[in-house]
Amino acid sequence: MTDSDDLRVMRFRPNRRQMISGMAALGALIGSRSALAQKKVIVQEGDFAPVPIAIPNFTAGTPGDTEVGAGVAQVITNNLKRSGLFAPIDQAAYLEKSINFDVAPNFNNWKSINAQALLTGRMTRQGSGRVKAEFRLWDVNTGQQLAGQQYDTSAEFWRRIAHIISDQVYERMTGEKGYFDTRVVFVDESGSAQRRVKRLTLMDQDGANVRYLTRGSDLVLTPRFSPSTQEITYMEFGQGDPRVYLLNIETGQREIVGNFPGMSFSPRFSPDGQRIIMSLQQGGNSNLFVMDLRSKAMTRLTDTPAIDTSPSYAPDGSRLCFESDRGGKPQIYVMPATGGQAQRISFGDGSYSTPVWSPRGDYIAFTKQGGGQFAIGIMKTDGSGERILTSGFHNEGPTFAPNGRVVMFFRDPGGNSGPSLYTIDVSGRNELRVPTPGFASDPAWSPLLS
């Protein structure tokens, strides 16, 4: 990476190729898969115990990097703990206070505190001012190294390195892709309930690196990430009818998707990022339309006297789910992505809304309203296996992590308070509040940063 590249990535968020100029597997011998590596730590039903893991502070090649080494270990600890699948052990319990990264650990010391896995690491300042980050993941019971990598990056990107290492640990231990090196776009809300200012806001999935994308002069709603580029689409109520915008979150360049007669709602990208599907109001009803972003050609997908809205594509782009009241009250329907016959898949008591297809294609998440409660749930794509993940007053707006394992949503208790973001595992476990600067709604999870 050249000096000019460094200047560029300091201004903008780097992708992994820009950020990491060197990445290689560390050379310790990795034997046959151990019992710990073979065991899946993800459990859908029944009793479940998170895997105890020890994460000492990364050692520092120079005294000035001690704080960075501790910060990297803390970010990894927080990521794995919040996943609900790992139980990081308090460092106060460690028998080894000084770790030599180049020497195999004394595994008896880690067994005695019931650690099943051990993550060691080192941060070394290079002559150029850049930092080399290294880690090794160990199976404590067998003494085998499960994973090891080294990275070379600019020092200011140490949090990215921590998220990437977290993803590596998560994937090696669970067999599923991680979701820590991601971002969330949401609507930041401030001020009184009567005069709420709403700004489009971006942050890392753990609440760090908050950045405001709009000034709050106009109302913004339903931001959604492109699956293929660092762009979002969202709705803005300015002067006159609401407009659908595209915003490049790295450059700040914004463009109008199109000027549509009447109201437009719920824009969302197709899986290839080349089209945007949305709902357009015409009189008392609304129908689904898709726009090709290159040609700006519009294709109508539904033509009913009902309200069809909140469309979301299957990850392979072949089908889409959407909300419609064509049966009398809002329910979830599935149809081919090119239009055609729609099949209703929700049949429980109450109304169903805001459906979103899981990135791995197995579930559709939804908001369900009934009996004074707003629930966040999931069902299989044929409507079977409906499961409520959480229920309370005004839960809404589910969005999946890119591995499909975790759902984020917002909850608004009403009154003088305001909405907050939460995450919950698709098993219904591990509901957690997501830290945000103030009130927050309408979250959308990014794909893994490339």
# chains A, B, ... in the order shown; residues from 1 in each chain; ligands from 1

$ select_by_dssp --residues "region 34-230 of chain A" --states "alpha helix (DSSP H)" --output "PyMOL selection string"
chain A and resi 35-38+66-83+107-111+158-174

$ write_last_selection --atoms "C-alpha atoms" --output "PDB file, in the first residue's frame"
ATOM      1  CA  ALA A  35     -13.196 -32.350  19.666  1.00  0.00           C
ATOM      2  CA  LEU A  36     -13.684 -28.655  20.385  1.00  0.00           C
ATOM      3  CA  ALA A  37     -13.331 -27.738  16.707  1.00  0.00           C
ATOM      4  CA  GLN A  38     -15.744 -30.459  15.669  1.00  0.00           C
ATOM      5  CA  THR A  66       0.266  -1.715  25.227  1.00  0.00           C
ATOM      6  CA  GLU A  67      -2.981   0.253  25.269  1.00  0.00           C
ATOM      7  CA  VAL A  68      -3.815  -0.806  21.714  1.00  0.00           C
ATOM      8  CA  GLY A  69      -3.154  -4.458  22.581  1.00  0.00           C
ATOM      9  CA  ALA A  70      -5.525  -4.200  25.526  1.00  0.00           C
ATOM     10  CA  GLY A  71      -8.108  -2.439  23.356  1.00  0.00           C
ATOM     11  CA  VAL A  72      -8.026  -5.161  20.708  1.00  0.00           C
ATOM     12  CA  ALA A  73      -8.543  -7.875  23.327  1.00  0.00           C
ATOM     13  CA  GLN A  74     -11.419  -5.919  24.886  1.00  0.00           C
ATOM     14  CA  VAL A  75     -13.229  -5.422  21.562  1.00  0.00           C
ATOM     15  CA  ILE A  76     -12.887  -9.136  20.767  1.00  0.00           C
ATOM     16  CA  THR A  77     -14.109 -10.016  24.264  1.00  0.00           C
ATOM     17  CA  ASN A  78     -17.145  -7.769  23.912  1.00  0.00           C
ATOM     18  CA  ASN A  79     -17.985  -9.105  20.444  1.00  0.00           C
ATOM     19  CA  LEU A  80     -17.842 -12.764  21.456  1.00  0.00           C
ATOM     20  CA  LYS A  81     -19.700 -12.181  24.723  1.00  0.00           C
ATOM     21  CA  ARG A  82     -22.519 -10.274  22.998  1.00  0.00           C
ATOM     22  CA  SER A  83     -22.950 -13.136  20.521  1.00  0.00           C
ATOM     23  CA  PHE A 107      -2.336 -25.387  28.829  1.00  0.00           C
ATOM     24  CA  ASN A 108      -2.643 -26.759  32.383  1.00  0.00           C
ATOM     25  CA  ASN A 109      -2.861 -23.172  33.640  1.00  0.00           C
ATOM     26  CA  TRP A 110      -5.803 -22.529  31.335  1.00  0.00           C
ATOM     27  CA  LYS A 111      -7.488 -25.853  32.031  1.00  0.00           C
ATOM     28  CA  TRP A 158      -7.002  -1.440  15.146  1.00  0.00           C
ATOM     29  CA  ARG A 159     -10.733  -1.741  15.864  1.00  0.00           C
ATOM     30  CA  ARG A 160     -11.303  -3.183  12.371  1.00  0.00           C
ATOM     31  CA  ILE A 161      -8.566  -5.724  13.071  1.00  0.00           C
ATOM     32  CA  ALA A 162     -10.314  -6.680  16.334  1.00  0.00           C
ATOM     33  CA  HIS A 163     -13.609  -7.221  14.482  1.00  0.00           C
ATOM     34  CA  ILE A 164     -11.923  -9.290  11.760  1.00  0.00           C
ATOM     35  CA  ILE A 165     -10.197 -11.484  14.354  1.00  0.00           C
ATOM     36  CA  SER A 166     -13.537 -11.865  16.159  1.00  0.00           C
ATOM     37  CA  ASP A 167     -15.051 -13.107  12.901  1.00  0.00           C
ATOM     38  CA  GLN A 168     -12.223 -15.609  12.452  1.00  0.00           C
ATOM     39  CA  VAL A 169     -12.697 -16.993  15.964  1.00  0.00           C
ATOM     40  CA  TYR A 170     -16.476 -17.144  15.548  1.00  0.00           C
ATOM     41  CA  GLU A 171     -16.232 -18.968  12.215  1.00  0.00           C
ATOM     42  CA  ARG A 172     -13.580 -21.446  13.396  1.00  0.00           C
ATOM     43  CA  MET A 173     -15.544 -22.308  16.531  1.00  0.00           C
ATOM     44  CA  THR A 174     -19.092 -22.368  15.123  1.00  0.00           C
TER      45      THR A 174
END

$ residues_around --residues "Gly258 (chain A)" --least-positions-apart "6" --cutoff "10 Å" --atoms "only C-alpha atoms" --output "list of chain:residue names"
A:Arg243, A:Val244, A:Tyr245, A:Leu246, A:Met291, A:Leu293, A:Lys296, A:Met298

$ residues_around --residues "region 269-283 of chain A" --least-positions-apart "6" --cutoff "7 Å" --atoms "only C-alpha atoms" --output "PyMOL selection string"
chain A and resi 226-228+262-263+289-293+308-309+311+313+315-317

$ closest_residue --among "A:Gly216, A:Ala117, A:Asn430, A:Asn209" --to "Val197 (chain A)" --atoms "only C-alpha atoms"
A:Gly216

$ residues_around --residues "Glu323 (chain A)" --least-positions-apart "2" --cutoff "7 Å" --atoms "only C-alpha atoms" --output "compact mmCIF listing (two decimals) with C-alpha atoms, in the first residue's frame"
# COMPACT_ATOMS: atom_id res chain seq x y z
CA ASP A 308 -48.86 -3.97 -0.99
CA THR A 309 -45.71 -2.74 0.72
CA SER A 310 -42.43 -3.66 2.51
CA PRO A 311 -40.97 -5.94 -0.21
CA PRO A 330 -51.86 -7.09 6.83
CA GLN A 331 -50.32 -10.49 6.18
CA ILE A 332 -47.11 -11.80 4.59
CA TYR A 333 -47.10 -13.03 0.99
CA SER A 353 -45.82 -6.55 8.73
CA THR A 354 -42.23 -5.51 7.79
CA PRO A 355 -41.12 -8.93 6.48

$ residues_around --residues "region 402-407 of chain A" --least-positions-apart "3" --cutoff "6 Å" --atoms "only C-alpha atoms" --output "list in words"
Lys177, Ser358, Pro359, Arg360, Thr399, Thr423, Ile424, Asp425, Val426 and Pro447 of chain A

$ closest_residue --among "A:Leu448, A:Leu421, A:Ala93, A:Val334" --to "Gln230 (chain A)" --atoms "only C-alpha atoms"
A:Leu448

$ closest_residue --among "A:Ala375, A:Val103, A:Gly383, A:Pro419" --to "Lys198 (chain A)" --atoms "only C-alpha atoms"
A:Pro419

$ decode --residues "region 210-320 of chain A" --atoms "C-alpha atoms" --output "CSV table (one decimal), in the first residue's frame"
chain,number,residue,atom,x,y,z
A,210,VAL,CA,-20.8,6.9,15.0
A,211,ARG,CA,-21.2,9.1,11.9
A,212,TYR,CA,-24.2,11.3,11.0
A,213,LEU,CA,-25.1,11.2,7.3
A,214,THR,CA,-27.8,13.8,7.2
A,215,ARG,CA,-28.4,17.0,9.1
A,216,GLY,CA,-31.9,16.4,10.3
A,217,SER,CA,-33.5,19.2,8.4
A,218,ASP,CA,-35.8,16.7,6.7
A,219,LEU,CA,-37.5,13.5,7.9
A,220,VAL,CA,-35.7,10.3,6.9
A,221,LEU,CA,-37.0,6.8,7.0
A,222,THR,CA,-36.3,3.1,6.2
A,223,PRO,CA,-32.6,3.2,5.3
A,224,ARG,CA,-31.4,0.0,3.6
A,225,PHE,CA,-27.9,-1.2,2.6
A,226,SER,CA,-26.9,-2.4,-0.8
A,227,PRO,CA,-25.6,-6.0,-0.7
A,228,SER,CA,-22.8,-5.2,-3.2
A,229,THR,CA,-21.6,-1.6,-2.7
A,230,GLN,CA,-21.2,0.9,0.1
A,231,GLU,CA,-24.5,2.5,-0.7
A,232,ILE,CA,-27.8,2.9,1.1
A,233,THR,CA,-31.2,3.7,-0.2
A,234,TYR,CA,-33.7,5.6,2.0
A,235,MET,CA,-36.8,7.7,2.0
A,236,GLU,CA,-36.8,11.4,2.8
A,237,PHE,CA,-39.7,13.7,3.4
A,238,GLY,CA,-38.7,17.2,2.3
A,239,GLN,CA,-40.7,19.6,0.3
A,240,GLY,CA,-43.7,17.9,-1.3
A,241,ASP,CA,-43.9,14.1,-1.8
A,242,PRO,CA,-41.3,11.8,-0.2
A,243,ARG,CA,-38.4,10.9,-2.4
A,244,VAL,CA,-36.2,7.8,-2.6
A,245,TYR,CA,-32.5,8.5,-2.5
A,246,LEU,CA,-29.2,6.6,-3.1
A,247,LEU,CA,-26.3,7.7,-0.8
A,248,ASN,CA,-22.7,6.6,-1.2
A,249,ILE,CA,-21.7,6.5,2.5
A,250,GLU,CA,-18.0,6.8,1.7
A,251,THR,CA,-18.1,9.8,-0.6
A,252,GLY,CA,-21.3,11.4,0.6
A,253,GLN,CA,-22.6,11.6,-3.0
A,254,ARG,CA,-26.4,11.5,-3.1
A,255,GLU,CA,-28.8,11.1,-6.0
A,256,ILE,CA,-32.5,10.8,-6.4
A,257,VAL,CA,-33.6,7.4,-7.6
A,258,GLY,CA,-36.6,8.9,-9.3
A,259,ASN,CA,-39.5,11.3,-9.1
A,260,PHE,CA,-42.7,9.3,-8.6
A,261,PRO,CA,-46.3,10.4,-8.7
A,262,GLY,CA,-47.9,10.0,-5.2
A,263,MET,CA,-46.1,8.5,-2.2
A,264,SER,CA,-43.2,6.0,-2.3
A,265,PHE,CA,-42.4,3.6,0.6
A,266,SER,CA,-39.9,1.0,1.8
A,267,PRO,CA,-37.2,1.0,-0.9
A,268,ARG,CA,-34.9,-2.0,-0.8
A,269,PHE,CA,-32.0,-3.3,-3.0
A,270,SER,CA,-32.1,-6.5,-5.0
A,271,PRO,CA,-29.4,-9.0,-4.1
A,272,ASP,CA,-27.2,-7.9,-7.0
A,273,GLY,CA,-27.5,-4.3,-6.1
A,274,GLN,CA,-28.7,-3.4,-9.6
A,275,ARG,CA,-32.3,-2.7,-8.8
A,276,ILE,CA,-34.5,-1.1,-6.2
A,277,ILE,CA,-37.9,-2.5,-5.3
A,278,MET,CA,-40.4,-0.2,-3.6
A,279,SER,CA,-44.1,0.5,-2.9
A,280,LEU,CA,-45.8,3.3,-4.8
A,281,GLN,CA,-49.2,4.7,-3.6
A,282,GLN,CA,-51.8,5.3,-6.2
A,283,GLY,CA,-55.1,6.6,-4.8
A,284,GLY,CA,-56.1,4.5,-1.8
A,285,ASN,CA,-53.9,1.6,-2.6
A,286,SER,CA,-50.2,0.9,-3.2
A,287,ASN,CA,-48.4,-1.6,-5.4
A,288,LEU,CA,-44.9,-2.9,-5.8
A,289,PHE,CA,-42.6,-1.6,-8.5
A,290,VAL,CA,-38.9,-2.4,-9.3
A,291,MET,CA,-36.5,0.1,-10.9
A,292,ASP,CA,-33.4,-0.8,-12.8
A,293,LEU,CA,-30.7,1.6,-11.5
A,294,ARG,CA,-28.9,1.7,-14.8
A,295,SER,CA,-31.7,2.3,-17.2
A,296,LYS,CA,-34.1,3.8,-14.7
A,297,ALA,CA,-36.8,1.6,-16.3
A,298,MET,CA,-39.7,0.8,-13.9
A,299,THR,CA,-41.6,-2.5,-13.9
A,300,ARG,CA,-44.9,-3.0,-12.1
A,301,LEU,CA,-45.0,-6.2,-10.0
A,302,THR,CA,-48.5,-6.1,-8.4
A,303,ASP,CA,-51.8,-4.6,-9.5
A,304,THR,CA,-54.4,-4.9,-6.8
A,305,PRO,CA,-56.8,-2.6,-5.0
A,306,ALA,CA,-55.0,-3.5,-1.7
A,307,ILE,CA,-52.0,-2.0,0.0
A,308,ASP,CA,-48.9,-4.0,-1.0
A,309,THR,CA,-45.7,-2.7,0.7
A,310,SER,CA,-42.4,-3.7,2.5
A,311,PRO,CA,-41.0,-5.9,-0.2
A,312,SER,CA,-37.8,-8.0,0.5
A,313,TYR,CA,-35.9,-10.2,-1.9
A,314,ALA,CA,-34.8,-13.8,-1.2
A,315,PRO,CA,-31.0,-13.9,-1.2
A,316,ASP,CA,-30.9,-15.7,-4.6
A,317,GLY,CA,-33.2,-13.0,-6.1
A,318,SER,CA,-35.8,-15.5,-7.3
A,319,ARG,CA,-38.6,-14.6,-5.0
A,320,LEU,CA,-39.7,-11.8,-2.7
